[in-house]
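*Asks:* The following block contains the structure, expressed as structure tokens.
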Amino acid sequence: MTENTRQVVIVGAGPVGLTTALALARQDIPVTVLEAEPGLTHDLRAASYHPPTLEMLAALGIGKTMHEKGYVVQRWQYRDRKEGLIVEWDLGVLGNDTEYPWRLHLEQHQLTRILLAALEPYSHARVLFSHRVSAIEQSASQATARCQTADGEVMVSGQWLIGADGGSGVVRKALDTEFEGFTWPERNVNISTSYDIGQHGYTFNCYIADPEEWAGLFKVPHLGPPGLWRIGFPVPDEESDEHALSDEGTQARLTRLLPWEREYPVAYRSIYRVHQRVARDWRRERVILAGDAAHLNNPVGAMGLNGGVHDAVNLADKLGRVWRAEADTSALDLYVRQRRTANIEFIQAGSIRNKRTLEERDPAVRAQRHDEMRALADDPVRTRAFLLGTSMIESVRRAATIT
Ligand SMILES: Cc1cc2nc3c(=O)[nH]c(=O)nc-3n(C[C@H](O)[C@H](O)[C@H](O)COP(=O)(O)OP(=O)(O)OC[C@H]3O[C@@H](n4cnc5c(N)ncnc54)[C@H](O)[C@@H]3O)c2cc1C
């Protein structure tokens, strides 16, 4: 069966695919999202939204619901395992730069559910689950996704097709472009505990530097109070996935970092390979990439999903103008230039720098970095400049300057 309608087809009902769908639906553009899984995934990955992302999602009408469910995190800490607290940053200093001078913590599987509910009133938007896209074809007038479903093969066509199908998605592969960059030798394990780490003076987001085993802490709402602390650690190449995920492995990591208990309650654990990659081409004619399909980065600084949402909103704006014949298709190349540049200059460079700072092995360099950080925190002008960078405000401003 072949469908052929005047619509935009989006592959992937992750946060980026659904954000793009909502941003298009709100412009009265018909949209079909194709998702391989039978329902929304329960991903234990992103959980932290930066100010520009909150501004964009609020403009799509979901800011209030997100804030009702999430944690507002205005202060975050940089710590060292041996030295303890180095600096506590206060995002309140960005009060003149953004309506949301904080991070919001909310698991990405909660965001996708909010996005799906927000799509529901739009009769011209639909999400088809259990539609696994296996190939993409395109002609001069349309792009078509070949989907495997329980009822056999289905072809879904649209005037434009957006690949938001994640890091190992088929759309980028169909574009036959390089996924340039590298994969880190170590993996990351995420361990969630209900133990109240906050009682020891830790803010809801902390990064803890260590030459052997750095850590990133995020308090997430989970099912409601008391929430969970999700802690990300590196896993060295020589350690097996099985050991890192075992009771012994997870308790060993927790008790090395948190000295207060002999055993911690563990709610979730998961392990990931970590990449720094950006697709060389993000668009071929009617097929365009966004989110993890276009770029991957390590999670230090929490920029991957945020950058994907920035792609989604930028792309939906340009595609909307092309759809209404207010702009020609060069607007789509501008999307690529803006977002690809922001990704390389800020998200790739920043996440690599963040990770290297956390894991610095040379004690003299580490001490110097800590001194620099403390000096920076004592200078309000430099503090604001630093937080404009880490909050991704600078990356969005930079993208907007690219013509
Ligand atoms: C450990 C870890 C922690 C992270 N923490 C953060 C954080 O705090 N902040 C942050 O900003 N980012 C973070 N990230 C990154 C973030 O999780 C990703 O950037 C984000 O999930 C990307 O969203 P996406 O919609 O592009 O892709 P995905 O979330 O991967 O969604 C892709 C969707 O496409 C579907 N799909 C795949 N193939 C097909 C197919 N063939 N046909 C149809 N559907 C298909 C999948 O089932 C999925 O639903 C983290 C990542 C990791 C690994």
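Labels for the structure tokens follow display order: chains A, B, ..., residues from 1 in each chain, ligands from 1.
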Can you pull out every residue within 10 Å of Gln276 (chain A), counting only C-alpha atoms, but drop anything in the same chain fewer than 6 positions away, and send it as a PyMOL selection string?
*Replies:* chain A and resi 179-184+295-298+344+347-349+351-352
*Asks:* Keeping all heavy atoms for every residue in the selection just given, could you write it to a file as a CSV table (one decimal), in the first residue's frame?
*Replies:*
chain,number,residue,atom,x,y,z
A,179,PHE,N,29.6,10.0,9.1
A,179,PHE,CA,29.3,10.5,10.4
A,179,PHE,C,30.6,10.8,11.1
A,179,PHE,O,31.2,9.9,11.8
A,179,PHE,CB,28.5,9.4,11.2
A,179,PHE,CG,27.6,9.9,12.3
A,179,PHE,CD1,27.2,11.2,12.4
A,179,PHE,CD2,27.1,9.0,13.2
A,179,PHE,CE1,26.4,11.6,13.4
A,179,PHE,CE2,26.2,9.4,14.2
A,179,PHE,CZ,25.9,10.7,14.3
A,180,GLU,N,31.1,12.0,10.9
A,180,GLU,CA,32.5,12.3,11.2
A,180,GLU,C,32.7,12.5,12.7
A,180,GLU,O,31.9,13.1,13.3
A,180,GLU,CB,32.9,13.6,10.4
A,180,GLU,CG,32.9,13.4,8.9
A,180,GLU,CD,33.0,14.7,8.2
A,180,GLU,OE1,32.7,15.8,8.7
A,180,GLU,OE2,33.4,14.7,7.0
A,181,GLY,N,33.9,12.0,13.2
A,181,GLY,CA,34.2,12.2,14.6
A,181,GLY,C,34.8,10.9,15.1
A,181,GLY,O,35.5,10.2,14.4
A,182,PHE,N,34.6,10.7,16.4
A,182,PHE,CA,35.2,9.5,17.0
A,182,PHE,C,34.3,9.0,18.1
A,182,PHE,O,33.3,9.6,18.6
A,182,PHE,CB,36.6,9.9,17.6
A,182,PHE,CG,36.6,10.9,18.7
A,182,PHE,CD1,36.5,10.5,20.0
A,182,PHE,CD2,36.6,12.3,18.4
A,182,PHE,CE1,36.5,11.4,21.1
A,182,PHE,CE2,36.5,13.2,19.4
A,182,PHE,CZ,36.5,12.8,20.8
A,183,THR,N,34.7,7.8,18.6
A,183,THR,CA,34.0,7.1,19.7
A,183,THR,C,35.0,7.0,20.9
A,183,THR,O,36.1,6.6,20.7
A,183,THR,CB,33.5,5.7,19.3
A,183,THR,OG1,32.6,5.9,18.2
A,183,THR,CG2,32.8,5.0,20.4
A,184,TRP,N,34.5,7.4,22.1
A,184,TRP,CA,35.4,7.3,23.2
A,184,TRP,C,35.7,5.8,23.6
A,184,TRP,O,34.8,5.0,23.4
A,184,TRP,CB,34.8,8.0,24.4
A,184,TRP,CG,34.6,9.5,24.3
A,184,TRP,CD1,33.4,10.1,23.8
A,184,TRP,CD2,35.5,10.5,24.5
A,184,TRP,NE1,33.6,11.5,23.8
A,184,TRP,CE2,34.9,11.8,24.2
A,184,TRP,CE3,36.9,10.6,25.0
A,184,TRP,CZ2,35.5,13.0,24.4
A,184,TRP,CZ3,37.5,11.8,25.1
A,184,TRP,CH2,36.8,13.0,24.8
A,295,HIS,N,23.9,14.3,14.9
A,295,HIS,CA,25.1,14.6,15.8
A,295,HIS,C,25.0,13.8,17.1
A,295,HIS,O,23.9,13.7,17.6
A,295,HIS,CB,25.2,16.1,16.1
A,295,HIS,CG,23.9,16.7,16.5
A,295,HIS,ND1,23.3,16.5,17.7
A,295,HIS,CD2,23.0,17.5,15.8
A,295,HIS,CE1,22.2,17.2,17.8
A,295,HIS,NE2,22.0,17.8,16.6
A,296,LEU,N,26.1,13.4,17.7
A,296,LEU,CA,26.2,12.8,19.0
A,296,LEU,C,27.3,13.4,19.8
A,296,LEU,O,28.3,13.8,19.2
A,296,LEU,CB,26.4,11.3,18.8
A,296,LEU,CG,25.4,10.4,18.1
A,296,LEU,CD1,25.9,9.0,17.8
A,296,LEU,CD2,24.1,10.4,19.0
A,297,ASN,N,27.1,13.5,21.1
A,297,ASN,CA,28.1,14.0,21.9
A,297,ASN,C,28.1,13.3,23.3
A,297,ASN,O,27.1,12.7,23.6
A,297,ASN,CB,28.0,15.5,22.1
A,297,ASN,CG,26.7,15.9,22.7
A,297,ASN,OD1,25.7,16.1,21.9
A,297,ASN,ND2,26.6,16.1,24.0
A,298,ASN,N,29.2,13.5,24.1
A,298,ASN,CA,29.2,12.9,25.4
A,298,ASN,C,28.2,13.7,26.3
A,298,ASN,O,27.9,14.8,26.0
A,298,ASN,CB,30.6,12.8,26.0
A,298,ASN,CG,31.1,14.1,26.5
A,298,ASN,OD1,30.6,14.5,27.6
A,298,ASN,ND2,32.0,14.7,25.9
A,344,ILE,N,29.1,22.0,16.1
A,344,ILE,CA,30.5,21.8,16.1
A,344,ILE,C,31.2,22.8,17.0
A,344,ILE,O,32.1,22.4,17.9
A,344,ILE,CB,31.1,21.9,14.6
A,344,ILE,CG1,30.6,20.8,13.8
A,344,ILE,CG2,32.6,22.0,14.6
A,344,ILE,CD1,30.8,20.9,12.3
A,347,ILE,N,28.6,22.5,20.9
A,347,ILE,CA,28.2,21.3,21.6
A,347,ILE,C,29.4,20.3,21.5
A,347,ILE,O,29.7,19.6,22.6
A,347,ILE,CB,26.9,20.7,21.0
A,347,ILE,CG1,25.8,21.8,21.2
A,347,ILE,CG2,26.6,19.4,21.6
A,347,ILE,CD1,24.5,21.4,20.7
A,348,GLN,N,30.0,20.1,20.4
A,348,GLN,CA,31.1,19.2,20.3
A,348,GLN,C,32.3,19.7,21.1
A,348,GLN,O,32.8,19.0,22.0
A,348,GLN,CB,31.5,19.0,18.8
A,348,GLN,CG,30.5,18.3,18.0
A,348,GLN,CD,30.0,16.9,18.4
A,348,GLN,OE1,30.8,16.2,18.9
A,348,GLN,NE2,28.7,16.6,18.3
A,349,ALA,N,32.7,20.9,20.8
A,349,ALA,CA,33.9,21.5,21.5
A,349,ALA,C,33.6,21.6,23.0
A,349,ALA,O,34.5,21.2,23.8
A,349,ALA,CB,34.2,22.9,21.0
A,351,SER,N,31.4,19.9,25.0
A,351,SER,CA,31.3,18.6,25.7
A,351,SER,C,32.6,17.9,25.8
A,351,SER,O,32.9,17.2,26.8
A,351,SER,CB,30.2,17.7,25.1
A,351,SER,OG,30.5,17.4,23.7
A,352,ILE,N,33.5,18.0,24.8
A,352,ILE,CA,34.8,17.4,24.9
A,352,ILE,C,35.6,18.1,26.0
A,352,ILE,O,36.3,17.5,26.8
A,352,ILE,CB,35.5,17.5,23.5
A,352,ILE,CG1,34.8,16.5,22.5
A,352,ILE,CG2,37.0,17.1,23.6
A,352,ILE,CD1,35.3,16.7,21.1
*Asks:* Need to verify the contact set: region 235-237 of chain A, 6 Å, only C-alpha atoms, exclusion of same-chain residues closer than 6 positions in sequence. Can you return it as a ChimeraX atom specification?
*Replies:* /A:185-188
*Asks:* So, with only C-alpha atoms as the atoms that count, which of A:Ala375, A:Ala135, A:Ala364, A:Leu104 lies closest to Val154 (chain A)?
*Replies:*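 Ranking A:Ala375, A:Ala135, A:Ala364, A:Leu104 by distance to Val154 (chain A), first place goes to A:Ala135.
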*Asks:* Find the residues around Glu37 (chain A) up to 10 Å (only C-alpha atoms counted), leave out those fewer than 6 positions away in its own chain, and share them as number ranges by chain.
*Replies:* A: 12-13, 128-132
*Asks:* What does the file look like for those residues with C-alpha atoms, as a compact mmCIF listing (two decimals), in the first residue's frame?
*Replies:*
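Written out: again25.txt:
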# COMPACT_ATOMS: atom_id res chain seq x y z
CA GLY A 12 11.34 8.73 14.98
CA ALA A 13 9.03 9.66 17.87
CA LEU A 128 2.13 5.75 13.76
CA PHE A 129 3.77 3.33 16.18
CA SER A 130 5.13 -0.08 15.13
CA HIS A 131 6.22 1.45 11.81
CA ARG A 132 9.88 0.57 11.44
*Asks:* Could you go through region 124-265 of chain A and tell me which residues DSSP, when run on the backbone, assigns to helix (DSSP H, G or I), listing them as JSON, numbers by chain?
*Replies:* {"A": [170, 171, 172, 173, 174, 175, 197, 198, 199, 200, 241, 242, 243, 244, 245, 247, 248, 249, 250, 251, 252, 253, 254, 255, 256, 257]}
*Asks:* For those residues, write N, CA, C and O atoms to a file as a CSV table (one decimal), in the first residue's frame.
*Replies:*
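Dumped everything to part22.csv:
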chain,number,residue,atom,x,y,z
A,170,VAL,N,18.2,4.9,10.3
A,170,VAL,CA,18.4,4.5,8.8
A,170,VAL,C,18.5,5.8,7.9
A,170,VAL,O,19.0,5.6,6.8
A,171,VAL,N,17.9,6.9,8.4
A,171,VAL,CA,17.8,8.0,7.4
A,171,VAL,C,19.2,8.5,7.1
A,171,VAL,O,19.5,8.8,5.9
A,172,ARG,N,20.0,8.7,8.1
A,172,ARG,CA,21.3,9.2,7.8
A,172,ARG,C,22.1,8.2,6.9
A,172,ARG,O,22.8,8.6,6.0
A,173,LYS,N,21.9,6.9,7.2
A,173,LYS,CA,22.6,5.9,6.3
A,173,LYS,C,22.1,6.0,4.9
A,173,LYS,O,22.8,5.9,3.9
A,174,ALA,N,20.8,6.3,4.7
A,174,ALA,CA,20.2,6.5,3.4
A,174,ALA,C,20.8,7.7,2.7
A,174,ALA,O,20.9,7.7,1.4
A,175,LEU,N,21.2,8.7,3.4
A,175,LEU,CA,21.8,9.9,2.8
A,175,LEU,C,23.3,9.6,2.3
A,175,LEU,O,23.9,10.4,1.6
A,197,ILE,N,20.9,12.3,48.4
A,197,ILE,CA,22.3,12.8,48.4
A,197,ILE,C,22.3,14.3,48.7
A,197,ILE,O,23.2,14.9,49.3
A,198,GLY,N,21.1,15.0,48.4
A,198,GLY,CA,21.0,16.4,48.7
A,198,GLY,C,21.2,16.8,50.2
A,198,GLY,O,21.6,17.9,50.5
A,199,GLN,N,20.9,15.8,51.1
A,199,GLN,CA,21.1,16.1,52.5
A,199,GLN,C,22.6,16.4,52.9
A,199,GLN,O,22.9,17.0,53.9
A,200,HIS,N,23.5,16.1,52.0
A,200,HIS,CA,24.9,16.3,52.2
A,200,HIS,C,25.4,17.6,51.5
A,200,HIS,O,26.6,17.7,51.3
A,241,ASP,N,30.4,-4.9,30.3
A,241,ASP,CA,29.0,-4.4,30.6
A,241,ASP,C,28.4,-5.1,31.7
A,241,ASP,O,27.8,-4.4,32.6
A,242,GLU,N,28.5,-6.4,31.8
A,242,GLU,CA,27.9,-7.2,32.8
A,242,GLU,C,28.3,-6.8,34.2
A,242,GLU,O,27.5,-6.6,35.1
A,243,HIS,N,29.7,-6.6,34.3
A,243,HIS,CA,30.2,-6.2,35.6
A,243,HIS,C,29.7,-4.8,36.0
A,243,HIS,O,29.2,-4.5,37.1
A,244,ALA,N,29.7,-3.9,35.1
A,244,ALA,CA,29.3,-2.5,35.4
A,244,ALA,C,27.9,-2.4,35.8
A,244,ALA,O,27.5,-1.6,36.6
A,245,LEU,N,27.1,-3.3,35.3
A,245,LEU,CA,25.6,-3.3,35.6
A,245,LEU,C,25.2,-4.2,36.7
A,245,LEU,O,24.1,-4.2,37.2
A,247,ASP,N,25.1,-6.0,40.6
A,247,ASP,CA,24.9,-5.4,41.9
A,247,ASP,C,26.3,-5.0,42.5
A,247,ASP,O,26.5,-3.9,43.0
A,248,GLU,N,27.3,-5.9,42.3
A,248,GLU,CA,28.6,-5.6,42.8
A,248,GLU,C,29.2,-4.4,42.2
A,248,GLU,O,29.7,-3.5,42.8
A,249,GLY,N,29.1,-4.3,40.9
A,249,GLY,CA,29.7,-3.2,40.1
A,249,GLY,C,29.0,-1.9,40.5
A,249,GLY,O,29.7,-0.8,40.7
A,250,THR,N,27.6,-1.9,40.6
A,250,THR,CA,27.0,-0.6,40.8
A,250,THR,C,27.2,-0.2,42.3
A,250,THR,O,27.5,1.0,42.5
A,251,GLN,N,27.2,-1.1,43.2
A,251,GLN,CA,27.5,-0.7,44.6
A,251,GLN,C,28.9,-0.2,44.8
A,251,GLN,O,29.2,0.7,45.5
A,252,ALA,N,29.8,-0.9,44.1
A,252,ALA,CA,31.2,-0.4,44.2
A,252,ALA,C,31.4,1.0,43.7
A,252,ALA,O,32.0,1.8,44.4
A,253,ARG,N,30.7,1.4,42.6
A,253,ARG,CA,30.8,2.8,42.1
A,253,ARG,C,30.1,3.7,43.1
A,253,ARG,O,30.7,4.8,43.4
A,254,LEU,N,28.9,3.3,43.6
A,254,LEU,CA,28.2,4.3,44.5
A,254,LEU,C,29.0,4.5,45.8
A,254,LEU,O,29.1,5.6,46.3
A,255,THR,N,29.5,3.4,46.4
A,255,THR,CA,30.2,3.5,47.7
A,255,THR,C,31.5,4.2,47.6
A,255,THR,O,32.0,4.9,48.5
A,256,ARG,N,32.2,4.1,46.4
A,256,ARG,CA,33.4,4.9,46.2
A,256,ARG,C,33.1,6.4,46.2
A,256,ARG,O,33.9,7.2,46.7
A,257,LEU,N,32.0,6.7,45.6
A,257,LEU,CA,31.7,8.2,45.4
A,257,LEU,C,31.0,8.7,46.7
A,257,LEU,O,31.3,9.9,47.1
*Asks:* Taking only C-alpha atoms and all ligand atoms into account, which residues have an atom no farther than 6 Å from ligand 1? I'd like them as a ChimeraX atom specification.
*Replies:* /A:11-17,34-37,41,45-48,131-134,164-166,169-170,272,291-293,299,302-306,308
*Asks:* Export C-alpha atoms of the chosen residues as a short mmCIF file (atom, residue, chain, number, x, y, z; two decimals), in the first residue's frame?
*Replies:*
data_model
loop_
_atom_site.label_atom_id
_atom_site.label_comp_id
_atom_site.auth_asym_id
_atom_site.auth_seq_id
_atom_site.Cartn_x
_atom_site.Cartn_y
_atom_site.Cartn_z
CA VAL A 11 11.03 9.25 11.21
CA GLY A 12 11.34 8.73 14.98
CA ALA A 13 9.03 9.66 17.87
CA GLY A 14 11.87 10.60 20.21
CA PRO A 15 12.04 14.08 21.73
CA VAL A 16 13.40 15.64 18.53
CA GLY A 17 10.89 14.01 16.16
CA LEU A 34 6.75 6.99 12.03
CA GLU A 35 8.03 5.18 15.12
CA ALA A 36 9.55 1.70 15.09
CA GLU A 37 8.54 0.83 18.65
CA THR A 41 10.40 4.52 24.66
CA ARG A 45 19.13 9.37 29.01
CA ALA A 46 18.54 13.13 28.93
CA ALA A 47 16.97 14.80 31.94
CA SER A 48 18.19 18.39 31.99
CA HIS A 131 6.22 1.45 11.81
CA ARG A 132 9.88 0.57 11.44
CA VAL A 133 11.39 2.45 8.52
CA SER A 134 13.73 0.24 6.52
CA ALA A 164 14.94 12.13 13.72
CA ASP A 165 15.60 8.44 14.21
CA GLY A 166 18.59 8.72 16.56
CA GLY A 169 18.99 5.58 12.44
CA VAL A 170 18.41 4.54 8.85
CA TYR A 272 26.00 3.43 26.75
CA GLY A 291 18.87 15.57 16.59
CA ASP A 292 20.98 12.51 17.29
CA ALA A 293 20.55 11.39 13.68
CA PRO A 299 26.64 13.76 28.14
CA ALA A 302 23.76 17.90 29.09
CA MET A 303 23.72 19.29 25.59
CA GLY A 304 22.65 16.46 23.26
CA LEU A 305 18.90 16.55 23.53
CA ASN A 306 18.94 20.30 24.08
CA GLY A 308 18.32 18.41 19.14
#
*Asks:* Near Ala399 (chain A), counting only C-alpha atoms, which residues have an atom at most 9 Å away, once you skip same-chain residues fewer than 5 positions from it, shown as a list in words?
*Replies:*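 In the requested format, the answer is Arg337, Gln338, Arg339, Arg340, Thr341, Ala342 and Glu394 of chain A.
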*Asks:* Next, write the just-selected residues to a file, as a tab-separated table (two decimals), in the first residue's frame, keeping C-alpha atoms as the atom set.
*Replies:*
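So the final result, stored in result.tsv, reads:
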chain	number	residue	atom	x	y	z
A	337	ARG	CA	24.58	25.95	8.34
A	338	GLN	CA	23.21	27.42	11.55
A	339	ARG	CA	22.69	24.23	13.49
A	340	ARG	CA	25.69	22.29	12.20
A	341	THR	CA	27.99	25.21	13.04
A	342	ALA	CA	26.47	25.62	16.53
A	394	GLU	CA	25.62	31.63	23.45
*Asks:* Quick check, in Å to one decimal: how far apart do CA of Asn354 (chain A) and CA of Asp281 (chain A) lie?
*Replies:*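 CA of Asp281 (chain A) lies 26.2 Å from CA of Asn354 (chain A).
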*Asks:* Out of A:Ala59, A:Ile86, A:Leu18, A:Ala209, which residue has the shortest atom-to-atom distance to Ile114 (chain A) when counting only C-alpha atoms?
*Replies:*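 Looking only at the distances to Ile114 (chain A), the closest residue turns out to be A:Leu18.
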*Asks:* Excluding same-chain residues fewer than 6 positions from Ile191 (chain A), what lies within 6 Å of it counting only C-alpha atoms, as JSON, numbers by chain?
*Replies:* {"A": [230, 231, 268, 269]}
*Asks:* When you draw a straight line from CA of Val72 (chain A) to CA of Pro51 (chain A), how long is it in Å?
*Replies:* 10.9 Å
